[in-house]
Structure formats: structure tokens, C-alpha cells
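K.L.:
Dropping in input_19.txt, with compact mmCIF, C-alpha atoms.
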```
# COMPACT_ATOMS: atom_id res chain seq x y z
CA MET X 1 -123.69 -9.00 -83.72
CA THR X 2 -119.89 -9.10 -83.64
CA ALA X 3 -118.40 -9.79 -87.05
CA ALA X 4 -116.53 -13.08 -87.36
CA PHE X 5 -113.74 -11.03 -88.89
CA SER X 6 -113.22 -7.66 -90.48
CA LEU X 7 -110.67 -5.72 -92.48
CA GLN X 8 -110.95 -1.95 -92.30
CA HIS X 9 -109.03 0.18 -94.79
CA VAL X 10 -106.19 -2.29 -94.74
CA ILE X 11 -103.14 -1.35 -96.77
CA LYS X 12 -100.05 -3.49 -97.09
CA GLN X 13 -97.07 -2.92 -99.31
CA TYR X 14 -94.05 -5.14 -99.88
CA LYS X 15 -91.03 -3.13 -101.01
CA ASN X 16 -92.47 -1.53 -104.10
CA GLN X 17 -95.39 -3.86 -104.65
CA MET X 18 -98.88 -3.16 -103.36
CA ALA X 19 -100.20 -6.35 -101.72
CA LEU X 20 -103.47 -5.00 -100.34
CA TYR X 21 -104.94 -1.68 -101.25
CA ASP X 22 -107.60 -0.22 -98.95
CA VAL X 23 -109.43 -3.49 -98.40
CA ASN X 24 -112.71 -3.34 -96.50
CA CYS X 25 -114.86 -6.28 -95.63
CA ALA X 26 -116.69 -7.87 -92.74
CA CYS X 27 -118.39 -11.18 -92.33
CA GLU X 28 -121.15 -12.47 -90.09
CA PRO X 29 -120.64 -15.61 -88.01
CA GLY X 30 -121.93 -18.81 -89.57
CA THR X 31 -120.80 -17.87 -93.05
CA VAL X 32 -118.62 -19.66 -95.56
CA PHE X 33 -116.56 -16.81 -96.97
CA ALA X 34 -114.66 -17.60 -100.16
CA LEU X 35 -111.64 -15.58 -101.12
CA LEU X 36 -110.72 -15.81 -104.79
CA GLY X 37 -107.92 -14.27 -106.75
CA GLU X 38 -104.92 -15.13 -108.86
CA ASN X 39 -101.64 -16.12 -107.28
CA GLY X 40 -100.15 -13.03 -105.74
CA ALA X 41 -103.48 -11.19 -105.56
CA GLY X 42 -103.15 -10.74 -101.80
CA LYS X 43 -105.21 -13.62 -100.39
CA THR X 44 -102.51 -15.06 -98.14
CA THR X 45 -101.46 -11.56 -97.07
CA ALA X 46 -105.03 -10.82 -95.99
CA ILE X 47 -105.21 -14.06 -94.01
CA LYS X 48 -101.87 -13.42 -92.31
CA ILE X 49 -102.96 -9.94 -91.35
CA LEU X 50 -106.16 -11.32 -89.82
CA LEU X 51 -104.17 -13.83 -87.77
CA GLY X 52 -101.74 -11.15 -86.64
CA LEU X 53 -98.85 -12.93 -88.34
CA LEU X 54 -98.25 -9.85 -90.42
CA ASP X 55 -98.89 -6.20 -89.59
CA PRO X 56 -100.64 -3.97 -92.11
CA ASP X 57 -99.03 -0.63 -93.04
CA SER X 58 -102.29 1.00 -92.06
CA GLY X 59 -105.85 0.05 -91.29
CA LYS X 60 -107.30 -2.33 -88.78
CA SER X 61 -108.38 -5.93 -88.69
CA THR X 62 -110.39 -7.92 -86.19
CA VAL X 63 -111.16 -11.59 -85.65
CA LEU X 64 -114.00 -12.68 -83.36
CA GLY X 65 -114.11 -9.16 -81.97
CA LEU X 66 -110.38 -9.18 -81.10
CA ASP X 67 -107.77 -6.86 -82.56
CA SER X 68 -105.42 -8.81 -84.85
CA ARG X 69 -102.36 -6.83 -83.84
CA ARG X 70 -102.95 -6.70 -80.10
CA ASP X 71 -104.62 -10.06 -79.47
CA SER X 72 -102.80 -12.22 -81.99
CA LEU X 73 -102.10 -14.98 -79.48
CA GLU X 74 -105.70 -15.23 -78.29
CA ILE X 75 -106.90 -15.20 -81.90
CA ARG X 76 -104.61 -18.08 -82.81
CA ARG X 77 -105.98 -20.02 -79.85
CA ARG X 78 -109.56 -19.60 -81.04
CA VAL X 79 -109.07 -19.92 -84.77
CA GLY X 80 -108.17 -22.99 -86.83
CA TYR X 81 -105.74 -22.37 -89.66
CA VAL X 82 -104.75 -24.68 -92.49
CA PRO X 83 -101.90 -23.03 -94.41
CA ASP X 84 -101.21 -23.91 -98.03
CA GLN X 85 -98.03 -25.66 -97.00
CA PRO X 86 -98.57 -27.23 -93.61
CA ALA X 87 -95.51 -26.99 -91.39
CA LEU X 88 -95.30 -30.36 -89.67
CA TYR X 89 -92.22 -31.90 -88.12
CA ASP X 90 -91.14 -34.72 -90.42
CA TRP X 91 -90.08 -36.98 -87.60
CA MET X 92 -93.32 -36.80 -85.60
CA THR X 93 -95.97 -39.48 -85.86
CA VAL X 94 -99.64 -38.63 -86.41
CA ASP X 95 -100.27 -39.27 -82.71
CA GLU X 96 -97.35 -37.11 -81.59
CA VAL X 97 -98.53 -34.17 -83.68
CA GLY X 98 -101.80 -34.20 -81.74
CA TRP X 99 -99.99 -34.43 -78.42
CA PHE X 100 -97.61 -31.62 -79.40
CA ALA X 101 -100.32 -29.30 -80.72
CA GLY X 102 -102.51 -30.12 -77.71
CA GLY X 103 -100.01 -28.32 -75.51
CA PHE X 104 -101.15 -25.01 -76.96
CA TYR X 105 -104.86 -25.56 -76.37
CA PRO X 106 -107.21 -26.28 -73.49
CA PRO X 107 -107.82 -29.88 -72.33
CA GLY X 108 -109.94 -32.01 -74.64
CA TYR X 109 -107.93 -31.08 -77.68
CA GLN X 110 -106.15 -34.38 -78.00
CA ARG X 111 -109.30 -36.46 -77.59
CA HIS X 112 -111.02 -34.64 -80.42
CA TYR X 113 -107.84 -34.76 -82.49
CA ASN X 114 -107.82 -38.54 -82.13
CA GLU X 115 -111.47 -38.69 -83.20
CA LEU X 116 -110.60 -36.72 -86.31
CA VAL X 117 -107.61 -38.96 -87.04
CA GLU X 118 -109.91 -41.94 -86.83
CA HIS X 119 -112.54 -40.24 -88.97
CA PHE X 120 -109.98 -39.47 -91.67
CA GLU X 121 -108.57 -42.99 -91.36
CA LEU X 122 -105.04 -41.78 -90.70
CA PRO X 123 -102.41 -44.25 -89.42
CA PRO X 124 -101.66 -42.99 -85.86
CA GLY X 125 -98.14 -44.39 -85.67
CA ARG X 126 -96.88 -43.24 -89.06
CA ARG X 127 -94.35 -40.39 -89.31
CA MET X 128 -95.08 -37.24 -91.27
CA LYS X 129 -92.32 -37.89 -93.77
CA GLU X 130 -93.92 -41.24 -94.59
CA LEU X 131 -97.36 -39.80 -95.29
CA SER X 132 -98.81 -38.99 -98.69
CA LYS X 133 -99.63 -35.41 -99.53
CA GLY X 134 -103.34 -36.05 -98.98
CA MET X 135 -102.71 -37.62 -95.57
CA ARG X 136 -100.51 -34.71 -94.48
CA ALA X 137 -103.27 -32.32 -95.52
CA LYS X 138 -105.72 -34.28 -93.37
CA VAL X 139 -103.33 -34.13 -90.40
CA SER X 140 -103.13 -30.38 -90.90
CA LEU X 141 -106.92 -30.15 -91.02
CA SER X 142 -107.25 -32.26 -87.86
CA VAL X 143 -104.77 -29.99 -86.05
CA ALA X 144 -106.80 -26.97 -87.13
CA MET X 145 -110.16 -28.39 -86.09
CA ALA X 146 -109.42 -30.30 -82.88
CA HIS X 147 -110.18 -27.33 -80.59
CA ARG X 148 -113.51 -26.77 -82.41
CA PRO X 149 -112.57 -23.26 -83.53
CA GLU X 150 -115.19 -20.58 -84.04
CA LEU X 151 -113.42 -19.62 -87.25
CA LEU X 152 -111.68 -22.02 -89.60
CA ILE X 153 -109.29 -20.50 -92.14
CA LEU X 154 -108.23 -22.60 -95.10
CA ASP X 155 -105.59 -21.22 -97.45
CA GLU X 156 -105.53 -23.25 -100.67
CA PRO X 157 -106.15 -26.36 -98.61
CA THR X 158 -106.80 -28.76 -101.45
CA SER X 159 -104.40 -27.66 -104.16
CA GLY X 160 -102.70 -30.71 -105.58
CA LEU X 161 -104.94 -33.16 -103.74
CA ASP X 162 -107.02 -35.90 -105.30
CA ALA X 163 -110.78 -35.75 -105.68
CA MET X 164 -111.56 -37.94 -102.67
CA VAL X 165 -109.45 -35.88 -100.25
CA ARG X 166 -110.94 -32.67 -101.64
CA ARG X 167 -114.38 -34.13 -101.04
CA GLU X 168 -113.50 -34.90 -97.42
CA PHE X 169 -112.29 -31.35 -96.93
CA LEU X 170 -115.54 -30.05 -98.37
CA GLU X 171 -117.58 -32.29 -96.10
CA SER X 172 -115.65 -31.03 -93.09
CA MET X 173 -116.34 -27.46 -94.14
CA VAL X 174 -120.03 -28.23 -94.48
CA ASP X 175 -120.02 -29.72 -90.99
CA VAL X 176 -118.28 -26.69 -89.52
CA ALA X 177 -120.76 -24.37 -91.21
CA ALA X 178 -123.69 -26.51 -90.09
CA GLN X 179 -122.63 -25.86 -86.50
CA GLY X 180 -122.97 -22.14 -87.08
CA ARG X 181 -119.23 -21.54 -87.22
CA THR X 182 -117.40 -19.47 -89.81
CA VAL X 183 -115.10 -20.61 -92.60
CA ILE X 184 -112.72 -18.54 -94.69
CA LEU X 185 -111.73 -20.45 -97.79
CA ALA X 186 -109.05 -19.14 -100.11
CA SER X 187 -109.09 -21.35 -103.16
CA HIS X 188 -108.44 -21.78 -106.84
CA GLN X 189 -110.97 -24.59 -107.07
CA ILE X 190 -113.80 -22.40 -108.20
CA ALA X 191 -116.20 -25.27 -108.76
CA GLU X 192 -115.79 -26.25 -105.11
CA VAL X 193 -116.23 -22.69 -103.96
CA GLU X 194 -119.43 -22.62 -105.94
CA ARG X 195 -120.79 -25.52 -103.90
CA VAL X 196 -120.08 -24.25 -100.44
CA ALA X 197 -119.68 -20.46 -100.39
CA ASP X 198 -122.19 -18.02 -98.92
CA ILE X 199 -120.14 -15.01 -99.82
CA VAL X 200 -117.58 -14.54 -102.55
CA ALA X 201 -114.79 -11.99 -102.44
CA ILE X 202 -112.44 -11.44 -105.35
CA LEU X 203 -109.06 -9.79 -104.92
CA ARG X 204 -107.30 -8.42 -107.96
CA HIS X 205 -103.85 -6.89 -107.62
CA GLY X 206 -104.57 -6.20 -103.95
CA LYS X 207 -107.93 -4.57 -104.52
CA LEU X 208 -111.25 -6.04 -103.53
CA VAL X 209 -113.17 -5.98 -106.81
CA LEU X 210 -116.13 -8.04 -105.65
CA LEU X 211 -117.78 -8.82 -102.34
CA GLU X 212 -121.18 -10.34 -102.64
CA LYS X 213 -123.47 -13.18 -101.68
CA LEU X 214 -122.97 -15.96 -104.19
CA ASP X 215 -126.70 -16.37 -104.81
CA ASP X 216 -127.10 -12.66 -105.52
CA LEU X 217 -124.08 -12.64 -107.78
CA LYS X 218 -125.48 -15.49 -109.84
CA ASP X 219 -128.85 -13.78 -110.04
CA ARG X 220 -127.36 -10.49 -111.14
CA VAL X 221 -124.80 -11.49 -113.73
CA CYS X 222 -125.67 -12.84 -117.14
CA GLU X 223 -123.83 -13.56 -120.32
CA LEU X 224 -125.07 -12.23 -123.64
CA THR X 225 -124.00 -13.48 -127.01
CA VAL X 226 -124.98 -10.86 -129.54
CA THR X 227 -124.89 -11.64 -133.25
CA LEU X 228 -124.76 -8.59 -135.48
CA ARG X 229 -126.36 -8.21 -138.89
CA ASN X 230 -123.44 -6.62 -140.69
CA GLY X 231 -119.75 -6.09 -140.27
CA VAL X 232 -119.82 -2.91 -138.18
CA PRO X 233 -119.10 -4.08 -134.65
CA ASP X 234 -120.99 -1.19 -133.04
CA LEU X 235 -123.29 -2.14 -130.22
CA PRO X 236 -126.26 -0.16 -128.96
CA LYS X 237 -126.06 0.87 -125.33
CA ILE X 238 -126.23 -2.19 -123.08
CA PRO X 239 -128.95 -1.94 -120.42
CA GLY X 240 -126.61 -2.90 -117.59
CA THR X 241 -123.01 -2.75 -116.39
CA VAL X 242 -120.63 -4.50 -118.76
CA LEU X 243 -117.96 -6.40 -116.85
CA HIS X 244 -116.19 -7.79 -119.84
CA ARG X 245 -116.65 -7.79 -123.61
CA GLU X 246 -115.07 -9.74 -126.39
CA LEU X 247 -115.59 -9.62 -130.15
CA LYS X 248 -115.19 -12.52 -132.52
CA GLY X 249 -116.22 -12.00 -136.12
CA ARG X 250 -119.77 -10.68 -136.02
CA GLN X 251 -120.43 -11.81 -132.49
CA TRP X 252 -119.99 -10.07 -129.19
CA ARG X 253 -119.81 -11.93 -125.93
CA LEU X 254 -120.65 -9.75 -122.96
CA LEU X 255 -120.70 -10.34 -119.26
CA VAL X 256 -123.34 -8.00 -117.91
CA ARG X 257 -124.28 -7.12 -114.39
CA ASN X 258 -127.66 -5.79 -113.21
CA MET X 259 -129.35 -6.02 -116.56
CA ASP X 260 -132.45 -3.88 -116.76
CA GLU X 261 -135.11 -6.33 -117.94
CA SER X 262 -137.47 -3.56 -118.98
CA GLN X 263 -134.95 -2.18 -121.47
CA PHE X 264 -133.69 -5.53 -122.62
CA ASP X 265 -136.47 -6.19 -125.13
CA GLY X 266 -135.71 -2.88 -126.81
CA PHE X 267 -132.03 -3.82 -126.98
CA ARG X 268 -132.85 -7.19 -128.46
CA ILE X 269 -134.71 -5.74 -131.44
CA ALA X 270 -132.31 -2.87 -132.03
CA GLU X 271 -131.08 -2.24 -135.53
CA ASN X 272 -128.04 -4.24 -136.55
CA ILE X 273 -128.77 -6.95 -133.96
CA ARG X 274 -129.65 -10.27 -135.45
CA SER X 275 -130.03 -12.28 -132.28
CA VAL X 276 -129.20 -12.27 -128.60
CA ASP X 277 -128.66 -15.37 -126.51
CA VAL X 278 -128.82 -15.03 -122.75
CA ARG X 279 -127.13 -17.51 -120.49
CA ARG X 280 -126.38 -17.78 -116.79
CA PRO X 281 -122.60 -18.02 -116.46
CA THR X 282 -120.76 -20.20 -113.98
CA LEU X 283 -118.82 -18.67 -111.12
CA GLU X 284 -115.64 -19.50 -113.01
CA GLU X 285 -116.81 -17.49 -116.01
CA ILE X 286 -117.82 -14.61 -113.77
CA PHE X 287 -114.42 -14.79 -112.07
CA VAL X 288 -112.60 -14.68 -115.39
CA GLY X 289 -114.77 -11.74 -116.45
CA TYR X 290 -113.79 -9.81 -113.35
CA MET X 291 -110.14 -10.70 -113.87
CA LYS X 292 -109.99 -9.65 -117.50
CA GLY X 293 -112.44 -6.81 -117.49
CA GLU X 294 -111.95 -3.19 -116.61
CA PRO X 295 -112.17 -2.71 -112.87
CA VAL X 296 -115.76 -2.00 -111.86
CA SER X 297 -116.12 0.13 -108.78
CA GLU X 298 -119.71 -0.45 -107.82
CA THR X 299 -118.93 -3.15 -105.32
CA PRO X 300 -120.66 -2.68 -102.00
CA HIS X 301 -118.24 -2.79 -99.10
CA GLU X 302 -120.80 -3.95 -96.58
CA VAL X 303 -121.80 -7.56 -97.00
CA PRO X 304 -125.58 -7.88 -97.00
CA ALA X 305 -127.11 -9.90 -94.17
CA LEU X 306 -127.68 -13.53 -94.98
CA MET K 1 -136.04 -38.51 -103.37
CA PHE K 2 -132.69 -38.03 -105.08
CA VAL K 3 -131.44 -34.48 -105.34
CA HIS K 4 -128.73 -33.64 -107.80
CA VAL K 5 -126.95 -30.34 -107.69
CA ASP K 6 -124.87 -28.90 -110.48
CA PRO K 7 -122.97 -25.92 -109.07
CA SER K 8 -121.84 -24.78 -112.49
CA ASN K 9 -125.44 -24.62 -113.66
CA GLY K 10 -126.29 -20.94 -113.83
CA LEU K 11 -129.17 -21.46 -111.38
CA ALA K 12 -128.41 -20.76 -107.74
CA ILE K 13 -128.06 -24.02 -105.82
CA TYR K 14 -130.94 -23.26 -103.45
CA ASP K 15 -133.15 -22.79 -106.48
CA GLN K 16 -132.08 -26.13 -107.92
CA ILE K 17 -133.04 -27.81 -104.65
CA VAL K 18 -136.41 -26.02 -104.54
CA ARG K 19 -137.19 -27.07 -108.11
CA GLN K 20 -136.20 -30.67 -107.59
CA VAL K 21 -138.29 -31.05 -104.47
CA LYS K 22 -141.25 -29.57 -106.35
CA PHE K 23 -140.65 -31.86 -109.32
CA ALA K 24 -140.42 -34.83 -106.97
CA VAL K 25 -143.80 -33.89 -105.51
CA ALA K 26 -145.32 -33.20 -108.92
CA SER K 27 -144.17 -36.60 -110.18
CA ASP K 28 -145.46 -38.38 -107.06
CA ALA K 29 -141.97 -39.38 -105.83
CA LEU K 30 -142.73 -37.45 -102.66
CA ARG K 31 -146.20 -37.57 -101.14
CA PRO K 32 -147.96 -35.53 -98.50
CA GLY K 33 -146.71 -36.59 -95.08
CA ASN K 34 -143.29 -37.74 -96.37
CA LEU K 35 -140.34 -36.25 -94.50
CA VAL K 36 -137.51 -34.52 -96.33
CA PRO K 37 -133.92 -35.03 -95.07
CA SER K 38 -132.67 -32.65 -92.38
CA VAL K 39 -130.73 -29.57 -93.46
CA ARG K 40 -127.49 -31.05 -92.22
CA GLU K 41 -128.08 -34.43 -93.80
CA LEU K 42 -128.86 -33.00 -97.23
CA ALA K 43 -126.00 -30.48 -97.00
CA ARG K 44 -123.56 -33.27 -96.28
CA ASP K 45 -125.04 -35.49 -98.97
CA LEU K 46 -124.68 -32.84 -101.64
CA THR K 47 -121.61 -31.21 -100.05
CA VAL K 48 -123.23 -27.84 -100.30
CA ASN K 49 -123.46 -25.09 -97.74
CA PRO K 50 -126.10 -25.85 -95.05
CA ASN K 51 -127.31 -22.24 -95.30
CA THR K 52 -128.16 -22.99 -98.92
CA VAL K 53 -130.27 -26.01 -97.99
CA ALA K 54 -131.91 -24.04 -95.19
CA ARG K 55 -132.77 -21.28 -97.64
CA ALA K 56 -134.31 -23.81 -100.06
CA TYR K 57 -136.41 -25.28 -97.23
CA ARG K 58 -137.51 -21.81 -96.10
CA GLU K 59 -138.72 -21.06 -99.62
CA LEU K 60 -140.54 -24.37 -99.77
CA GLN K 61 -142.19 -23.58 -96.44
CA ALA K 62 -143.18 -20.12 -97.65
CA ASP K 63 -144.69 -21.80 -100.72
CA ASN K 64 -146.63 -24.21 -98.49
CA VAL K 65 -144.88 -27.22 -99.96
CA LEU K 66 -143.21 -28.10 -96.68
CA GLN K 67 -144.40 -27.69 -93.13
CA ALA K 68 -142.64 -28.17 -89.83
CA LEU K 69 -143.59 -31.29 -87.96
CA ARG K 70 -142.94 -30.61 -84.32
CA GLY K 71 -139.71 -32.19 -83.18
CA THR K 72 -139.26 -34.40 -86.21
CA GLY K 73 -138.50 -32.23 -89.20
CA LEU K 74 -140.22 -31.05 -92.32
CA GLU K 75 -142.94 -32.87 -94.19
CA ILE K 76 -144.73 -32.46 -97.49
CA THR K 77 -148.04 -30.62 -96.99
CA PRO K 78 -151.39 -32.00 -98.15
CA SER K 79 -151.76 -29.11 -100.59
CA ALA K 80 -148.26 -29.56 -102.06
CA PRO K 81 -149.12 -31.76 -105.08
CA LYS K 82 -151.57 -29.23 -106.51
CA LYS K 83 -149.14 -26.37 -105.97
CA CYS K 84 -146.19 -28.28 -107.43
CA LEU K 85 -148.09 -29.34 -110.53
CA ALA K 86 -148.95 -25.69 -111.16
CA ASP K 87 -145.34 -24.64 -110.59
CA ARG K 88 -144.11 -27.30 -112.94
CA ALA K 89 -146.46 -25.97 -115.62
CA ALA K 90 -145.07 -22.48 -115.05
CA LEU K 91 -141.50 -23.73 -115.41
CA ILE K 92 -142.34 -25.56 -118.60
CA ARG K 93 -144.00 -22.43 -119.94
CA GLY K 94 -140.76 -20.56 -119.31
CA ARG K 95 -138.71 -23.12 -121.20
CA LEU K 96 -141.21 -23.21 -124.03
CA ARG K 97 -140.95 -19.45 -124.27
CA SER K 98 -137.19 -19.54 -124.64
CA VAL K 99 -137.48 -22.15 -127.39
CA LEU K 100 -140.04 -19.94 -129.15
CA VAL K 101 -137.73 -16.93 -128.87
CA GLU K 102 -134.99 -18.98 -130.47
CA ALA K 103 -137.34 -20.10 -133.23
CA ARG K 104 -138.40 -16.53 -133.98
CA GLN K 105 -134.80 -15.32 -133.97
CA SER K 106 -133.89 -18.01 -136.45
CA GLY K 107 -136.45 -16.47 -138.77
CA LEU K 108 -139.15 -19.14 -138.72
CA PRO K 109 -142.61 -17.71 -139.40
CA ALA K 110 -145.26 -18.23 -136.70
CA ASP K 111 -147.25 -20.65 -138.87
CA GLU K 112 -144.26 -22.89 -139.31
CA ILE K 113 -143.53 -22.86 -135.57
CA ARG K 114 -147.14 -23.83 -134.92
CA SER K 115 -147.03 -26.70 -137.34
CA LEU K 116 -143.70 -27.93 -135.95
CA THR K 117 -145.22 -27.89 -132.46
CA GLU K 118 -148.29 -29.79 -133.66
CA GLN K 119 -146.14 -32.41 -135.38
CA GLU K 120 -144.04 -32.98 -132.29
CA LEU K 121 -147.12 -33.20 -130.07
CA ALA K 122 -148.69 -35.68 -132.45
CA ARG K 123 -145.60 -37.84 -132.25
CA LEU K 124 -145.93 -37.96 -128.47
CA GLU K 125 -149.64 -38.80 -128.41
CA PRO K 126 -149.48 -42.53 -129.23
CA GLU K 127 -146.74 -43.01 -126.63
CA ARG K 128 -148.73 -41.35 -123.93
CA ASP K 129 -152.00 -43.10 -124.69
CA PRO K 130 -151.48 -46.52 -126.29
CA SER K 131 -155.21 -47.42 -126.37
```
Represent the structure contained in this file as C-alpha cells.
P.N.:
Amino acid sequence: MTAAFSLQHVIKQYKNQMALYDVNCACEPGTVFALLGENGAGKTTAIKILLGLLDPDSGKSTVLGLDSRRDSLEIRRRVGYVPDQPALYDWMTVDEVGWFAGGFYPPGYQRHYNELVEHFELPPGRRMKELSKGMRAKVSLSVAMAHRPELLILDEPTSGLDAMVRREFLESMVDVAAQGRTVILASHQIAEVERVADIVAILRHGKLVLLEKLDDLKDRVCELTVTLRNGVPDLPKIPGTVLHRELKGRQWRLLVRNMDESQFDGFRIAENIRSVDVRRPTLEEIFVGYMKGEPVSETPHEVPAL
Amino acid sequence: MFVHVDPSNGLAIYDQIVRQVKFAVASDALRPGNLVPSVRELARDLTVNPNTVARAYRELQADNVLQALRGTGLEITPSAPKKCLADRAALIRGRLRSVLVEARQSGLPADEIRSLTEQELARLEPERDPS
């Protein structure tokens, strides 16, 4: 099966700052692929490289089997893209935006655009400059979806929007995914990502530090709170990979990956350990662990089949 | 049947859906022959990924809780109630175990844990059986 998109050994540097460092990933069609990372981690750079809006220094990227560099125009015809700051002409009305954008796409675009406008309850005759932020975001989403793209790319689509608009965006994403199409979602709203993502990728300073199915990630990572008997903060060897550790008084909090259950009971009754509480962390807590912790280089670069 | 999903719960969402369908069957809210909502409908309702709902339904089919009804959707199987009651017991055993672990870690002797359990059970008895 052709990957919905792929990045192969992509490197991109701005002046003296590394934006993407040897990033490898691929994604099957029909997936909701969430891209997480702090501001400046390289998310938008990765998206722009995929769309062919930006050339990588080296490496290759593909979208729907097309080469991002060579077939940029064709890619932009087949992909829907909602940038974090939608560029819409202030003086155009909602209707006119659909007519204008329709010129770049095959017939039928405008009809579906109008359906979306109606669905989102947008005022067709109102100018962009008179719309609220939420309404403008919905116009941008309608523009991106009206040609029923095989891949929908959303870059921070809901930052600064109210809960109801965010909900509508989520519902649209669910609909797109239900039709077997692919979504790339770059977001800071980790709780939302947790609802809709199949696969989670985390970029940190331009490096891909995690690429995994969300369900597997949640199965594999646990949080331990270890209370020690006396003041020496030494811990016995942890039966798993420690992503992050933090000491407060006589307690350690550890984010552990791939804990070996068979060795865990031995750990629990080790000398100097008074008690161990095990909890399943949220995606947000896992994210923070990956951000604060020492880089772990056991991430698989091939995404497992869904 | 009302399904409620808490994404920040450590349990994977598909697992939450599986458990809630089983609990609904075990508590007689869903009966054999009842249809569950379509994948798309439930995904939209919960605003979760449709693949997640599909995965939950696949697991429920593999567990013989759901079966495909040609052309219409998925229905609760005749054998589901028995299976779901057993699964519910297994889940409760798991939770009981984690409470017991906590009790042991807090230093309570086994006898005291037993008597606490008995007391709490005794408090429930009159409520469950008023006669």
C-alpha cells in the first residue's frame, strides 16, 4: 500500500538552527496522525516540506505517492491544508472565498464548499474582516475540505478557539477519518489529540523522539511513585526504560516504558522500598516526560500496521 | 446505552468502550438482539477516532459479545450476558486486588483486612436484601 505520506532522512536547517534532524516516518492511509511538540520543535517545518512549500536540505518526502519537491502543485490540489494562521482576503465574503478557491480545483468544489458553509452555519454574505476568529477558522476548514481531499493537514487549527468550535473541528476530523482518509494534526491540545489520534509523533528540537500507536503507547508507559524507607534516595534497578525521574523528599516519581512485569514484584519488595504505586499516565503526562527526560533512542522508525 | 469516554483516563479508549458495552450487558441495559450504534455514529457521538470504535467492536466480536447481523449492523449475542457477567467479576477481582495491595503496603495485617472486608460486606447486606 502506498503511504499517505512519508519523510525519509529529512534534514532542514535554518541559518544556524537545526529545524529537522534526520526525521523518518511514514503513515498508512486512513490514519489520524498527531504531531506533537513545543513551539519551534519543527512541526510546521515538517508540514511545509511535505506540501513542497519548503525544500529540505537533504532527504526525501512524499505525499500520496507523489514527490513533495517535484509534484508540489499536484499535491496541493489533492491535499487539504489548514494553516495556523489562515490567509484569507479581508474584503472577500464567505461566498466569494469559495468561488475564488474553486478556481484552483475541479468542478464540484463550490457546491461542496457551500454545503460546508451551511453545515458550519456561516453567514455567506459576511466579509472576512467582519468574522470572529472561530468563524474564520471554519471558513479555512471549509476551503480545505471542499474538494474532499485524501489527506487533510491541520496545523494548530484550534489554538485560541472556544470549546464549541474545537468540538466541530474534531467532529469534522472524525468524519474525514471515517471515510478512510488521512489526517495530520499538529496540535498543542493534547487532550483532543488523545481522543482522535491513531498514531502519535513527538518532535523535540527537530528530532523525532516518539512515533507510536497511541493505544500501544498507553499500554506500554506507566508511572511509578516509589516511597523509600529512609533518606538515601538510591533506587534499585528499574525493570524497564526510565523516561523521566523526579525526586521529592523520600519519593521518586518515574515514568517507565516497557516495564517487565515478571521483575516488578521483586522490585516492589526490594530493600529500602516502602511502597510503590502504579498509575496509567495521561498522554499529556507522557508528553511532558518525553520533553523533560533524557532523549530515549529506542523509538521504532516504522509505524506498526493498524 | 450511554457510553462515556475519558481520554485522560489511563485506559486506552477502545478498552473503555469494550468495558462499558460489557457492563451495559451485564447490568441488563443491553439485551441479546439489541443493536449497538454504527462505528461512525458512535465515533461522532464520542468524537473519538472511528478506528478506535471499530477496534472495540472487533474485540467484542472476538469475545462473542457482538455478532454481525447481515446488512443491519452488530447485535448483542444470546451468550453475551453470561460472558459479560463473568468478565465483570474478573474486572472487580482486579480492582479488589489493587485495594488489597494498598492495604498490605499500608501495613495492615491480613486479619484486620479480612475483618474490614467483612464489616463492609455486612453493611451492604441489608441494603441488598431488605426482607
K.L.:
Which distance in Å separates CA of Glu130 in chain X and CA of Ala163 in chain X, to one decimal?
P.N.:
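CA of Ala163 in chain X lies at a distance of 20.9 Å from CA of Glu130 in chain X.
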K.L.:
Could you tell me which residues of chain K sit within 6 Å of chain X when counting all atoms listed in the file, and give me the result as a list in words?
P.N.:
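Per the criterion, chain K yields Pro7, Ser8, Gly10, Ala12, Thr47, Val48, Asn49, Pro50 and Gln105 of chain K.
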K.L.:
Name the closest residue to Asp63 in chain K among the candidates K:Ala90, K:Val18, K:Ala43, K:Leu100; distances are taken between atoms, counting only C-alpha atoms.
P.N.:
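So, comparing all the options, the nearest one is K:Val18.
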K.L.:
Between CA of Asp90 in chain X and CA of Val165 in chain X, measure the distance and give it in Å to one decimal.
P.N.:
20.8 Å
K.L.:
Can you pull out every residue within 9 Å of Arg204 in chain X, counting only C-alpha atoms, but drop anything in the same chain fewer than 6 positions away, and send it as a list in words?
P.N.:
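Counting only the stated atoms, we get Leu36, Gly37, Glu38, Gly40, Ala41, Gly42, Tyr290, Met291 and Pro295 of chain X.
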K.L.:
To one decimal place in Å, what is the distance between CA of Ala270 in chain X and CA of Asn258 in chain X?
P.N.:
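Going from CA of Ala270 in chain X over to CA of Asn258 in chain X, I get 19.6 Å.
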K.L.:
Since the input is missing atoms, can you rebuild N, CA and C atoms for range 86-99 of chain K and write them as a short mmCIF file (atom, residue, chain, number, x, y, z; two decimals), in the coordinates of the input?
P.N.:
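For reference, rebuild-v9.cif as written:
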```cif
data_model
loop_
_atom_site.label_atom_id
_atom_site.label_comp_id
_atom_site.auth_asym_id
_atom_site.auth_seq_id
_atom_site.Cartn_x
_atom_site.Cartn_y
_atom_site.Cartn_z
N ALA K 86 -148.80 -27.02 -110.55
CA ALA K 86 -148.95 -25.69 -111.16
C ALA K 86 -147.59 -25.06 -111.40
N ASP K 87 -146.67 -25.22 -110.43
CA ASP K 87 -145.34 -24.64 -110.59
C ASP K 87 -144.60 -25.30 -111.74
N ARG K 88 -144.79 -26.60 -111.86
CA ARG K 88 -144.11 -27.30 -112.94
C ARG K 88 -144.61 -26.75 -114.28
N ALA K 89 -145.92 -26.53 -114.38
CA ALA K 89 -146.46 -25.97 -115.62
C ALA K 89 -145.84 -24.60 -115.92
N ALA K 90 -145.65 -23.81 -114.84
CA ALA K 90 -145.07 -22.48 -115.05
C ALA K 90 -143.62 -22.58 -115.53
N LEU K 91 -142.89 -23.55 -114.98
CA LEU K 91 -141.50 -23.73 -115.41
C LEU K 91 -141.43 -24.16 -116.86
N ILE K 92 -142.34 -25.07 -117.22
CA ILE K 92 -142.34 -25.56 -118.60
C ILE K 92 -142.72 -24.43 -119.55
N ARG K 93 -143.65 -23.58 -119.12
CA ARG K 93 -144.00 -22.43 -119.94
C ARG K 93 -142.77 -21.55 -120.21
N GLY K 94 -141.97 -21.36 -119.17
CA GLY K 94 -140.76 -20.56 -119.31
C GLY K 94 -139.80 -21.15 -120.34
N ARG K 95 -139.63 -22.47 -120.25
CA ARG K 95 -138.71 -23.12 -121.20
C ARG K 95 -139.25 -23.06 -122.61
N LEU K 96 -140.57 -23.27 -122.71
CA LEU K 96 -141.21 -23.21 -124.03
C LEU K 96 -140.99 -21.83 -124.65
N ARG K 97 -141.10 -20.81 -123.77
CA ARG K 97 -140.95 -19.45 -124.27
C ARG K 97 -139.54 -19.25 -124.83
N SER K 98 -138.54 -19.79 -124.13
CA SER K 98 -137.19 -19.54 -124.64
C SER K 98 -136.95 -20.29 -125.95
N VAL K 99 -137.60 -21.45 -126.11
CA VAL K 99 -137.48 -22.15 -127.39
C VAL K 99 -138.16 -21.33 -128.49
#
```
